[in-house]
file start-v2.txt (compact mmCIF, C-alpha atoms)
# COMPACT_ATOMS: atom_id res chain seq x y z
CA MET C 978 -18.51 -8.85 15.84
CA ASN C 979 -18.20 -5.27 17.11
CA VAL C 980 -15.79 -3.08 15.16
CA LEU C 981 -14.55 0.50 15.17
CA LEU C 982 -14.46 2.14 11.73
CA ASP C 983 -11.60 4.50 10.98
CA VAL C 984 -12.35 7.74 9.16
CA ASN C 985 -10.75 6.52 5.93
CA VAL C 986 -13.32 3.70 5.62
CA LEU C 987 -16.17 6.16 6.16
CA LEU C 988 -14.73 8.60 3.62
CA ASP C 989 -14.33 5.83 1.05
CA VAL C 990 -18.10 5.34 1.17
CA LEU C 991 -19.25 8.92 1.65
CA LEU C 992 -16.95 10.34 -1.04
CA ASN C 993 -17.18 7.25 -3.26
CA ARG C 994 -13.38 6.97 -3.40
CA SER C 995 -12.34 4.36 -5.91
CA PRO C 996 -10.91 1.71 -5.72
CA TRP C 997 -11.49 1.48 -1.94
CA ASN C 998 -15.21 2.22 -2.02
CA ALA C 999 -16.34 -1.32 -2.92
CA PRO C 1000 -15.07 -3.12 0.22
CA ALA C 1001 -16.00 -0.12 2.37
CA PHE C 1002 -19.58 -0.25 1.00
CA GLU C 1003 -19.65 -3.97 1.82
CA VAL C 1004 -18.63 -3.25 5.42
CA TRP C 1005 -21.37 -0.59 5.67
CA ASP C 1006 -23.89 -3.08 4.24
CA ALA C 1007 -22.72 -5.82 6.62
CA HIS C 1008 -23.56 -3.46 9.49
CA ARG C 1009 -26.98 -2.65 8.01
CA GLY C 1010 -27.57 -6.37 7.49
CA SER C 1011 -26.70 -7.10 11.14
CA ARG C 1012 -23.69 -9.24 10.23
CA LEU C 1013 -21.59 -6.95 12.45
CA THR C 1014 -22.05 -3.91 14.66
CA ALA C 1015 -20.01 -0.94 13.50
CA HIS C 1016 -18.95 1.88 15.79
CA VAL C 1017 -17.41 5.28 15.12
CA ALA C 1018 -15.37 7.21 17.66
CA ALA C 1019 -16.97 10.54 18.52
CA PHE C 1020 -13.75 12.39 17.71
CA THR C 1021 -13.86 10.99 14.15
CA LEU C 1022 -16.95 13.02 13.25
CA PRO C 1023 -15.31 16.49 13.25
CA THR C 1024 -12.50 15.12 11.07
CA LEU C 1025 -15.06 13.60 8.71
CA PHE C 1026 -16.94 16.90 8.55
CA TYR C 1027 -13.76 18.85 7.84
CA ILE C 1028 -12.61 16.59 5.00
CA VAL C 1029 -16.01 16.31 3.31
CA ARG C 1030 -16.52 20.09 3.56
CA ARG C 1031 -13.12 20.76 1.99
CA GLN C 1032 -13.91 18.43 -0.92
CA ASN C 1033 -17.57 19.44 -1.29
CA ASP C 1034 -19.50 21.90 0.88
CA ALA C 1035 -20.90 22.31 4.39
CA ALA C 1036 -24.31 20.84 3.46
CA LYS C 1037 -22.73 17.62 2.19
CA ALA C 1038 -20.44 17.53 5.24
CA ILE C 1039 -23.28 17.77 7.75
CA ALA C 1040 -25.22 15.17 5.74
CA ALA C 1041 -22.22 12.83 6.07
CA VAL C 1042 -22.13 13.34 9.86
CA ARG C 1043 -25.89 12.76 10.07
CA ALA C 1044 -25.56 9.56 8.02
CA CYS C 1045 -22.99 8.25 10.52
CA LEU C 1046 -25.16 9.26 13.49
CA ALA C 1047 -28.17 7.51 11.97
CA THR C 1048 -26.24 4.39 11.04
CA PHE C 1049 -23.50 3.60 13.55
CA GLU C 1050 -22.97 3.32 17.28
CA ILE C 1051 -20.94 6.26 18.61
CA VAL C 1052 -18.04 5.53 20.96
CA PRO C 1053 -17.50 8.38 23.43
CA LEU C 1054 -14.11 9.89 24.06
CA HIS C 1055 -13.38 9.93 27.78
CA ARG C 1056 -10.40 11.40 29.55
CA SER C 1057 -9.17 7.89 30.36
CA ALA C 1058 -8.93 7.10 26.63
CA VAL C 1059 -7.03 10.33 25.96
CA GLU C 1060 -4.63 9.51 28.79
CA ARG C 1061 -4.21 5.96 27.48
CA ALA C 1062 -3.51 7.31 23.99
CA ALA C 1063 -1.01 9.83 25.32
CA GLN C 1064 0.90 6.88 26.82
CA GLY C 1065 0.58 4.90 23.58
CA ALA C 1066 3.50 3.35 21.80
CA GLY C 1067 2.58 4.75 18.41
CA THR C 1068 3.73 7.85 16.59
CA ASP C 1069 0.23 8.93 15.51
CA PHE C 1070 -1.94 10.27 18.32
CA GLU C 1071 -5.16 9.80 16.31
CA ASP C 1072 -4.36 6.12 15.79
CA ASP C 1073 -3.59 5.77 19.50
CA LEU C 1074 -6.96 7.38 20.30
CA GLN C 1075 -8.72 4.87 18.02
CA ILE C 1076 -6.97 2.03 19.82
CA ALA C 1077 -7.77 3.44 23.26
CA CYS C 1078 -11.45 3.89 22.38
CA ALA C 1079 -11.66 0.36 20.95
CA VAL C 1080 -10.01 -1.10 24.06
CA GLU C 1081 -12.18 0.85 26.51
CA SER C 1082 -15.34 -0.08 24.59
CA GLY C 1083 -14.39 -3.76 24.41
CA LEU C 1084 -14.53 -3.84 20.61
CA ASP C 1085 -13.29 -6.80 18.61
CA ALA C 1086 -11.36 -4.96 15.89
CA ILE C 1087 -10.48 -1.66 14.25
CA VAL C 1088 -11.21 -1.43 10.53
CA THR C 1089 -8.90 0.81 8.52
CA ARG C 1090 -7.01 0.98 5.27
CA ASP C 1091 -4.00 2.43 7.09
CA SER C 1092 -2.79 -0.07 9.66
CA ALA C 1093 0.75 1.31 9.84
CA GLY C 1094 0.00 3.46 12.90
CA SER C 1095 -1.71 0.61 14.71
CA LEU C 1096 0.95 -2.10 14.65
CA HIS C 1097 1.17 -1.99 18.45
CA SER C 1098 -2.60 -2.27 18.93
CA ALA C 1099 -4.04 -4.49 21.65
CA VAL C 1100 -7.12 -4.82 19.40
CA PRO C 1101 -6.81 -6.55 16.01
CA VAL C 1102 -6.55 -4.10 13.11
CA LEU C 1103 -8.16 -5.27 9.89
CA SER C 1104 -8.60 -3.89 6.42
CA PRO C 1105 -12.18 -3.86 5.11
CA ALA C 1106 -11.36 -6.92 2.96
CA GLU C 1107 -9.88 -8.80 5.95
CA LEU C 1108 -12.97 -8.03 8.02
CA LEU C 1109 -15.32 -9.18 5.25
CA ALA C 1110 -13.41 -12.46 4.93
CA ARG C 1111 -14.08 -13.17 8.64
CA LEU C 1112 -17.82 -12.51 8.50
CA PRO C 1113 -20.50 -15.06 7.77
CA ARG C 1114 -21.95 -14.82 4.27
CA ALA C 1115 -24.92 -12.55 3.75
CA PRO C 1116 -28.20 -14.36 3.18
CA SER C 1117 -29.12 -14.59 -0.48
call {"tool": "encode", "arguments": {"input": "start-v2.txt", "output": "structure tokens"}}
result
Amino acid sequence: MNVLLDVNVLLDVLLNRSPWNAPAFEVWDAHRGSRLTAHVAAFTLPTLFYIVRRQNDAAKAIAAVRACLATFEIVPLHRSAVERAAQGAGTDFEDDLQIACAVESGLDAIVTRDSAGSLHSAVPVLSPAELLARLPRAPS
């Protein structure tokens, strides 16, 4: 399964945000264990940097970006995705960009804790727990 991770799932891991960190860590581990392939939209990384820097410092923020670069596949943001998002049915442009990137990259799902902006998505939108329930069990 190929999935696009929303910034909130990444932040739950990188900032150890309880109570959401446990399922987000499991998603991260499922990727590392090759039970899924996780992707991050390129435009998510500046947002991630900004939020981590505001809550910590620039060194921790760049370390968070580097962790994502070392771990996940990066989905590019092309003009066609921006145009698709601008025509989107949603009220949140960032959510529409996530959907457009997932569609253009042929991904199976978007993983987020905030599905409200993605109700119109052509790609299934799952919470971390919903995604984990669909995956095969990790080997013991």
call {"tool": "closest_residue", "arguments": {"input": "start-v2.txt", "among": "C:Gly1083, C:Phe1002, C:Asp1069, C:Asp989", "to": "Leu1109 (chain C)", "atoms": "all atoms listed in the file"}}
result
C:Phe1002
call {"tool": "residues_around", "arguments": {"input": "start-v2.txt", "residues": "Ala1099 (chain C)", "least_positions_apart": "5", "cutoff": "9 Å", "atoms": "only C-alpha atoms", "output": "number ranges by chain"}}
result
C: 1076-1077, 1080
call {"tool": "residues_around", "arguments": {"input": "start-v2.txt", "residues": "His1016 (chain C)", "least_positions_apart": "6", "cutoff": "7 Å", "atoms": "all atoms listed in the file", "output": "ChimeraX atom specification"}}
result
/C:980-982,1049-1052
call {"tool": "residues_around", "arguments": {"input": "start-v2.txt", "residues": "Phe1020 (chain C)", "least_positions_apart": "3", "cutoff": "10 Å", "atoms": "all atoms listed in the file", "output": "list in words"}}
result
Val984, Val1017, Pro1023, Thr1024, Leu1025, Ile1051, Val1052, Pro1053, Leu1054, Glu1071, Leu1074, Gln1075 and Cys1078 of chain C
call {"tool": "atom_distance", "arguments": {"input": "start-v2.txt", "atom1": "CA of Ala1015 (chain C)", "atom2": "CA of Ala1044 (chain C)"}}
result
13.1 Å
call {"tool": "atom_distance", "arguments": {"input": "start-v2.txt", "atom1": "CA of Leu991 (chain C)", "atom2": "CA of Ala1086 (chain C)"}}
result
21.4 Å
call {"tool": "closest_residue", "arguments": {"input": "start-v2.txt", "among": "C:Thr1068, C:Thr1089, C:Ser1011, C:Thr1048", "to": "Val1102 (chain C)", "atoms": "all atoms listed in the file"}}
result
C:Thr1089
call {"tool": "atom_distance", "arguments": {"input": "start-v2.txt", "atom1": "CA of Val1059 (chain C)", "atom2": "CA of Phe1026 (chain C)"}}
result
21.1 Å
call {"tool": "decode", "arguments": {"input": "start-v2.txt", "residues": "region 1067-1088 of chain C", "atoms": "N, CA and C atoms", "output": "compact mmCIF listing (two decimals), in the first residue's frame"}}
result
# COMPACT_ATOMS: atom_id res chain seq x y z
N GLY C 1067 -12.99 21.47 -1.98
CA GLY C 1067 -12.83 21.72 -0.56
C GLY C 1067 -12.67 23.18 -0.22
N THR C 1068 -12.65 23.46 1.08
CA THR C 1068 -12.48 24.82 1.57
C THR C 1068 -11.07 25.06 2.10
N ASP C 1069 -10.23 24.02 2.08
CA ASP C 1069 -8.86 24.13 2.58
C ASP C 1069 -7.91 23.79 1.43
N PHE C 1070 -7.20 24.80 0.96
CA PHE C 1070 -6.33 24.62 -0.20
C PHE C 1070 -5.23 23.59 0.08
N GLU C 1071 -4.69 23.57 1.29
CA GLU C 1071 -3.65 22.59 1.62
C GLU C 1071 -4.19 21.17 1.51
N ASP C 1072 -5.40 20.94 2.01
CA ASP C 1072 -6.01 19.62 1.87
C ASP C 1072 -6.23 19.27 0.40
N ASP C 1073 -6.67 20.23 -0.39
CA ASP C 1073 -6.86 19.99 -1.82
C ASP C 1073 -5.54 19.69 -2.52
N LEU C 1074 -4.44 20.33 -2.07
CA LEU C 1074 -3.13 20.00 -2.63
C LEU C 1074 -2.71 18.58 -2.28
N GLN C 1075 -2.98 18.16 -1.04
CA GLN C 1075 -2.66 16.78 -0.64
C GLN C 1075 -3.41 15.80 -1.54
N ILE C 1076 -4.68 16.06 -1.74
CA ILE C 1076 -5.50 15.18 -2.58
C ILE C 1076 -4.95 15.16 -4.00
N ALA C 1077 -4.66 16.32 -4.56
CA ALA C 1077 -4.16 16.40 -5.93
C ALA C 1077 -2.83 15.66 -6.08
N CYS C 1078 -1.94 15.80 -5.11
CA CYS C 1078 -0.66 15.09 -5.17
C CYS C 1078 -0.86 13.59 -5.07
N ALA C 1079 -1.76 13.15 -4.20
CA ALA C 1079 -2.04 11.72 -4.05
C ALA C 1079 -2.64 11.15 -5.34
N VAL C 1080 -3.56 11.89 -5.95
CA VAL C 1080 -4.18 11.44 -7.20
C VAL C 1080 -3.13 11.35 -8.30
N GLU C 1081 -2.35 12.42 -8.47
CA GLU C 1081 -1.37 12.44 -9.56
C GLU C 1081 -0.26 11.41 -9.36
N SER C 1082 0.01 11.03 -8.14
CA SER C 1082 1.05 10.03 -7.87
C SER C 1082 0.50 8.62 -7.80
N GLY C 1083 -0.82 8.47 -7.95
CA GLY C 1083 -1.44 7.15 -7.94
C GLY C 1083 -1.36 6.47 -6.58
N LEU C 1084 -1.44 7.24 -5.52
CA LEU C 1084 -1.34 6.67 -4.17
C LEU C 1084 -2.67 6.07 -3.75
N ASP C 1085 -2.59 5.14 -2.81
CA ASP C 1085 -3.77 4.39 -2.37
C ASP C 1085 -4.59 5.10 -1.30
N ALA C 1086 -3.96 5.98 -0.52
CA ALA C 1086 -4.68 6.65 0.57
C ALA C 1086 -3.88 7.84 1.07
N ILE C 1087 -4.59 8.72 1.76
CA ILE C 1087 -3.99 9.82 2.51
C ILE C 1087 -4.20 9.50 3.98
N VAL C 1088 -3.15 9.66 4.78
CA VAL C 1088 -3.23 9.36 6.20
C VAL C 1088 -3.14 10.67 6.97
